[in-house]
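These notes concern the structure reproduced below.
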Protein chains: 4
Amino acid sequence: MIRSLQPGDRAEWQRLYQGYQAFYGFHDRPAEFYDKAFARLMSDDPRDFHGLVRQDGARLLGLVHYVFHPNLWRDEGVCYLQDLFTDAEARGRGVARGLIEAVYAAADAAGVPTVYWLTAEDNYAGRMLYDRVGKRSPFLRYNRP
Amino acid sequence: MIRSLQPGDRAEWQRLYQGYQAFYGFHDRPAEFYDKAFARLMSDDPRDFHGLVRQDGARLLGLVHYVFHPNLWRDEGVCYLQDLFTDAEARGRGVARGLIEAVYAAADAAGVPTVYWLTAEDNYAGRMLYDRVGKRSPFLRYNRP
Amino acid sequence: MIRSLQPGDRAEWQRLYQGYQAFYGFHDRPAEFYDKAFARLMSDDPRDFHGLVRQDGARLLGLVHYVFHPNLWRDEGVCYLQDLFTDAEARGRGVARGLIEAVYAAADAAGVPTVYWLTAEDNYAGRMLYDRVGKRSPFLRYNRP
Amino acid sequence: MIRSLQPGDRAEWQRLYQGYQAFYGFHDRPAEFYDKAFARLMSDDPRDFHGLVRQDGARLLGLVHYVFHPNLWRDEGVCYLQDLFTDAEARGRGVARGLIEAVYAAADAAGVPTVYWLTAEDNYAGRMLYDRVGKRSPFLRYNRP
């Protein structure tokens, strides 16, 4: 079952989000990092982040975090899918695909058809899925140094 | 001089923004597209877009549009530089570099050190500058189809 | 066991090479295509292609084809690994890695330390291996139209 | 005038080829490097490198080096354009385009329609030309570490 993140998910959510942060090399985020993120996901601010999870019994198998933000080309704004993670033990069962599609549905419900995300060029396992459920653009991200 | 976009800039601003939209193949945006964009840039909403321009006498030589939006990894959020354009007749004079650096300064003033933008992989002229003033990340953009 | 391709491998070799050609969308190569390729692989010309295979009992599990060609920067030339294929049923068992390493050894024996190959940017499964056994360069291939 | 490299071009050729090597960061190639490369370009071996130059009075404005090498998919082989350089003072005058097209013609004369080259992803100035005179493939180069 895919549903919104709830206050009672805190422990399972943190287990997954720590796995995700570790994937990007952040093994030692302080407790405050997770406290703040969870509080924001639980807030009622429609302009802050939202979370969806895939639940299987008492376990969470995956999570996705997204936010709506302004875009000057589109009055309704766009939906940015920032975080997506599947428990290592639940890979290959469509968890990530289901979560992405649930974000598409949430974006439709909000009247925001444009959904995008960023991924590392060498995130091969991710891109195998993203090429099926999304469309690669020719756009690269540049950062202020 | 680089300064904030002002109500009196409407005609010059539109000339530039039409050039920018044409660069991306949008030659026939309706008048409403420009009306809405300019109105948003003129609003006081700190969460909507801001504009900076490079002025040279009665002319505007370039424009940049940016917005602050939430990021779950950073409490202070991030700054997205969406649009950047230099008048074709003013190329090679540091207009775009100056505008990017002015966004950096505005982001610093807002307490948001992270600034990013997206560019097409084959925007070679742009990337010659971006590699100097920014840092290419390994991240690609995927879109909902 | 990895060894040189032999005349008696013709049937098994063709089964694999047809699988490889199909991977690139060439499902209907004429018989002559395979006749010529095999004849070249069997020739004694040191400047033409060489083949190595991974044998497991009566089966071939994988093949690799390589050639030495001149390079103006290096007197000894370079080694181009053009074709690499593992039987679908033998994936995940180190067949491709072993074949690449066997080409490295053959290149060393020929006094040609430089070995390279080309792969599609979205050959994710291949690149998972290539990033471990090789090093991605920043070079892209352009073709005459 | 574009023509084959000749023995009398040695000094001018070396001036250009040193500029090319410097572009790739090789500022101190020993004299033997240039001796050998020129000797190979002057040899009659059809399997070794060939050179073409753009002459303007007593000056050479540009050079290109190419070689034919075997390809297992094509009996006639392929043509690899390894080196291309235009004198800094002669940029923007079509020198590189003319040299590439002269390689196309030489390849046609040799019965080898396939011509390819490799270029760094961030060789923006080169790619502005290559996108017009060639076609970018999705292939990346991997090297033995």
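In the structure tokens, chains take letters A, B, ... by order of appearance, with residues numbered from 1 within each chain and ligands from 1 in the order shown.
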
Practice task
Would you mind listing what lies within 6 Å of stretch 50-58 of chain D as a PyMOL selection string, with only C-alpha atoms counted and same-chain residues fewer than 3 positions away left out?
Solution key: chain D and resi 1-5+41+61-66

Could you pull the residues within 12 Å of A:Phe33, counting only C-alpha atoms, minus those fewer than 6 positions along the same chain, as a compact mmCIF listing (two decimals) with all heavy atoms, in the first residue's frame?
# COMPACT_ATOMS: atom_id res chain seq x y z
N GLN A 14 12.95 6.83 9.32
CA GLN A 14 14.35 7.21 9.52
C GLN A 14 15.30 6.10 9.06
O GLN A 14 16.36 6.39 8.49
CB GLN A 14 14.62 7.57 10.98
CG GLN A 14 16.06 8.07 11.17
CD GLN A 14 16.24 8.93 12.40
OE1 GLN A 14 15.29 9.53 12.91
NE2 GLN A 14 17.46 8.99 12.89
N TYR A 17 15.47 6.61 5.35
CA TYR A 17 16.10 7.85 4.91
C TYR A 17 17.60 7.83 5.22
O TYR A 17 18.41 8.40 4.48
CB TYR A 17 15.42 9.06 5.55
CG TYR A 17 15.62 10.36 4.80
CD1 TYR A 17 15.66 10.40 3.40
CD2 TYR A 17 15.76 11.57 5.49
CE1 TYR A 17 15.84 11.60 2.73
CE2 TYR A 17 15.94 12.77 4.81
CZ TYR A 17 15.99 12.78 3.43
OH TYR A 17 16.17 13.97 2.76
N GLN A 18 17.96 7.14 6.30
CA GLN A 18 19.39 6.96 6.56
C GLN A 18 20.05 6.12 5.46
O GLN A 18 21.17 6.39 5.05
CB GLN A 18 19.61 6.31 7.93
CG GLN A 18 19.42 7.31 9.07
CD GLN A 18 19.51 6.71 10.45
OE1 GLN A 18 19.17 5.54 10.65
NE2 GLN A 18 19.95 7.50 11.42
N GLN A 21 20.48 8.53 2.53
CA GLN A 21 21.59 9.47 2.74
C GLN A 21 22.94 8.74 2.62
O GLN A 21 23.90 9.29 2.07
CB GLN A 21 21.46 10.15 4.11
CG GLN A 21 20.25 11.09 4.20
CD GLN A 21 20.42 12.35 3.37
OE1 GLN A 21 21.53 12.84 3.20
NE2 GLN A 21 19.33 12.86 2.83
N PHE A 26 26.47 10.21 2.82
CA PHE A 26 26.27 10.93 4.08
C PHE A 26 25.90 9.91 5.16
O PHE A 26 24.73 9.60 5.36
CB PHE A 26 25.18 11.99 3.92
CG PHE A 26 25.54 13.03 2.90
CD1 PHE A 26 24.98 13.01 1.63
CD2 PHE A 26 26.47 14.02 3.19
CE1 PHE A 26 25.33 13.96 0.68
CE2 PHE A 26 26.82 14.98 2.25
CZ PHE A 26 26.25 14.95 0.98
N HIS A 27 26.93 9.39 5.80
CA HIS A 27 26.73 8.32 6.77
C HIS A 27 26.50 8.86 8.18
O HIS A 27 26.10 8.12 9.06
CB HIS A 27 27.93 7.38 6.77
CG HIS A 27 28.13 6.69 5.46
ND1 HIS A 27 27.46 5.54 5.12
CD2 HIS A 27 28.87 7.02 4.38
CE1 HIS A 27 27.81 5.18 3.89
NE2 HIS A 27 28.67 6.06 3.42
N ALA A 39 9.89 16.72 10.70
CA ALA A 39 8.95 17.77 11.11
C ALA A 39 8.41 18.52 9.88
O ALA A 39 7.22 18.84 9.81
CB ALA A 39 9.65 18.74 12.07
N ARG A 40 9.27 18.79 8.94
CA ARG A 40 8.80 19.50 7.74
C ARG A 40 7.83 18.63 6.95
O ARG A 40 6.82 19.12 6.43
CB ARG A 40 10.00 19.90 6.88
CG ARG A 40 10.84 21.00 7.52
CD ARG A 40 12.08 21.32 6.72
NE ARG A 40 11.74 21.79 5.38
CZ ARG A 40 12.64 22.01 4.43
NH1 ARG A 40 13.93 21.79 4.66
NH2 ARG A 40 12.25 22.46 3.26
N LEU B 72 14.78 19.72 1.00
CA LEU B 72 14.65 19.00 2.28
C LEU B 72 15.99 18.80 2.97
O LEU B 72 16.05 18.60 4.18
CB LEU B 72 13.97 17.65 2.05
CG LEU B 72 13.42 16.97 3.32
CD1 LEU B 72 12.41 17.86 4.04
CD2 LEU B 72 12.81 15.62 3.00
N TRP B 73 17.05 18.90 2.22
CA TRP B 73 18.37 18.71 2.82
C TRP B 73 18.90 19.99 3.47
O TRP B 73 19.90 19.95 4.18
CB TRP B 73 19.39 18.25 1.77
CG TRP B 73 19.10 16.94 1.12
CD1 TRP B 73 17.89 16.34 0.93
CD2 TRP B 73 20.06 16.04 0.56
NE1 TRP B 73 18.04 15.14 0.28
CE2 TRP B 73 19.36 14.93 0.04
CE3 TRP B 73 21.45 16.07 0.45
CZ2 TRP B 73 20.00 13.86 -0.58
CZ3 TRP B 73 22.09 15.02 -0.17
CH2 TRP B 73 21.37 13.92 -0.68
N ARG B 74 18.28 21.13 3.13
CA ARG B 74 18.79 22.42 3.60
C ARG B 74 17.63 23.27 4.09
O ARG B 74 16.77 23.67 3.30
CB ARG B 74 19.46 23.16 2.44
CG ARG B 74 20.66 22.43 1.89
CD ARG B 74 21.33 23.20 0.75
NE ARG B 74 22.60 22.61 0.43
CZ ARG B 74 23.73 22.83 1.11
NH1 ARG B 74 23.72 23.68 2.12
NH2 ARG B 74 24.84 22.22 0.77
N ASP B 75 17.67 23.59 5.36
CA ASP B 75 16.59 24.37 5.94
C ASP B 75 16.39 25.72 5.26
O ASP B 75 15.26 26.19 5.15
CB ASP B 75 16.88 24.63 7.43
CG ASP B 75 16.20 23.60 8.28
OD1 ASP B 75 15.63 22.64 7.72
OD2 ASP B 75 16.24 23.74 9.51

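Atom CA of B:Asp48 to atom CA of A:Asn143 spans 20.5 Å [interatomic distance, one decimal].
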
Exercise for the section: Would you kindly return, as a PyMOL selection string, each protein, DNA or RNA residue with an atom no farther than 8 Å from any atom of stretch 129-133 of chain B, considering only C-alpha atoms and excluding same-chain residues fewer than 3 positions away? Expected result: (chain A and resi 142+144-145) or (chain B and resi 97+100+125-126+136)

Go ahead and save the picked residues with C-alpha atoms, as a PDB file, in the first residue's frame.
ATOM      1  CA  TYR A 142      25.327  23.516 -12.682  1.00  0.00           C
ATOM      2  CA  ARG A 144      27.521  27.764  -7.674  1.00  0.00           C
ATOM      3  CA  PRO A 145      31.027  26.609  -6.684  1.00  0.00           C
TER       4      PRO A 145
ATOM      5  CA  ARG B  97      28.693  36.652 -15.810  1.00  0.00           C
ATOM      6  CA  ILE B 100      25.042  35.325 -12.347  1.00  0.00           C
ATOM      7  CA  ALA B 125      28.274  29.016 -25.659  1.00  0.00           C
ATOM      8  CA  GLY B 126      26.541  29.055 -22.303  1.00  0.00           C
ATOM      9  CA  ARG B 136      29.020  21.270 -13.506  1.00  0.00           C
TER      10      ARG B 136
END

Exercise for the section: Return the single residue from D:Ala106, D:Ala120, D:Ala11, D:Val95 that is closest to chain C, with distances computed using only C-alpha atoms. Expected result: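 Nearest to chain C: D:Ala120.
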
Exercise for the section: Would you give me, as a PyMOL selection string, the residues of chain C that come within 9 Å of chain A, using only C-alpha atoms? Expected result: chain C and resi 122-125+127-128

Practice task
Could you give me, as a ChimeraX atom specification, the residues within 9 Å of A:Leu81, counting only C-alpha atoms and dropping anything in the same chain fewer than 2 positions from it?
Solution key: /A:64-68,79,83-84,100,103,115-118

Next, dump the selected residues to file, keeping only C-alpha atoms, as a PDB file, in the first residue's frame.
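Saved to result.pdb:
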ATOM      1  CA  VAL A  64       9.530   9.474  -1.733  1.00  0.00           C
ATOM      2  CA  HIS A  65       9.693  13.198  -0.874  1.00  0.00           C
ATOM      3  CA  TYR A  66       8.439  15.928  -3.187  1.00  0.00           C
ATOM      4  CA  VAL A  67       7.670  19.627  -3.170  1.00  0.00           C
ATOM      5  CA  PHE A  68       5.792  22.062  -5.360  1.00  0.00           C
ATOM      6  CA  CYS A  79       6.708  19.330  -8.717  1.00  0.00           C
ATOM      7  CA  ASP A  83      14.308  11.869  -2.560  1.00  0.00           C
ATOM      8  CA  LEU A  84      13.415   8.324  -3.579  1.00  0.00           C
ATOM      9  CA  ILE A 100       7.020   7.742  -8.647  1.00  0.00           C
ATOM     10  CA  VAL A 103       3.832  11.384  -7.026  1.00  0.00           C
ATOM     11  CA  VAL A 115       7.122  16.487 -12.318  1.00  0.00           C
ATOM     12  CA  TYR A 116      10.893  16.294 -12.500  1.00  0.00           C
ATOM     13  CA  TRP A 117      13.850  14.885 -10.625  1.00  0.00           C
ATOM     14  CA  LEU A 118      17.627  14.863 -10.886  1.00  0.00           C
TER      15      LEU A 118
END

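With atom CA of A:Ala110 on one side and atom CA of A:Gly77 on the other, the separation reads 10.1 Å.
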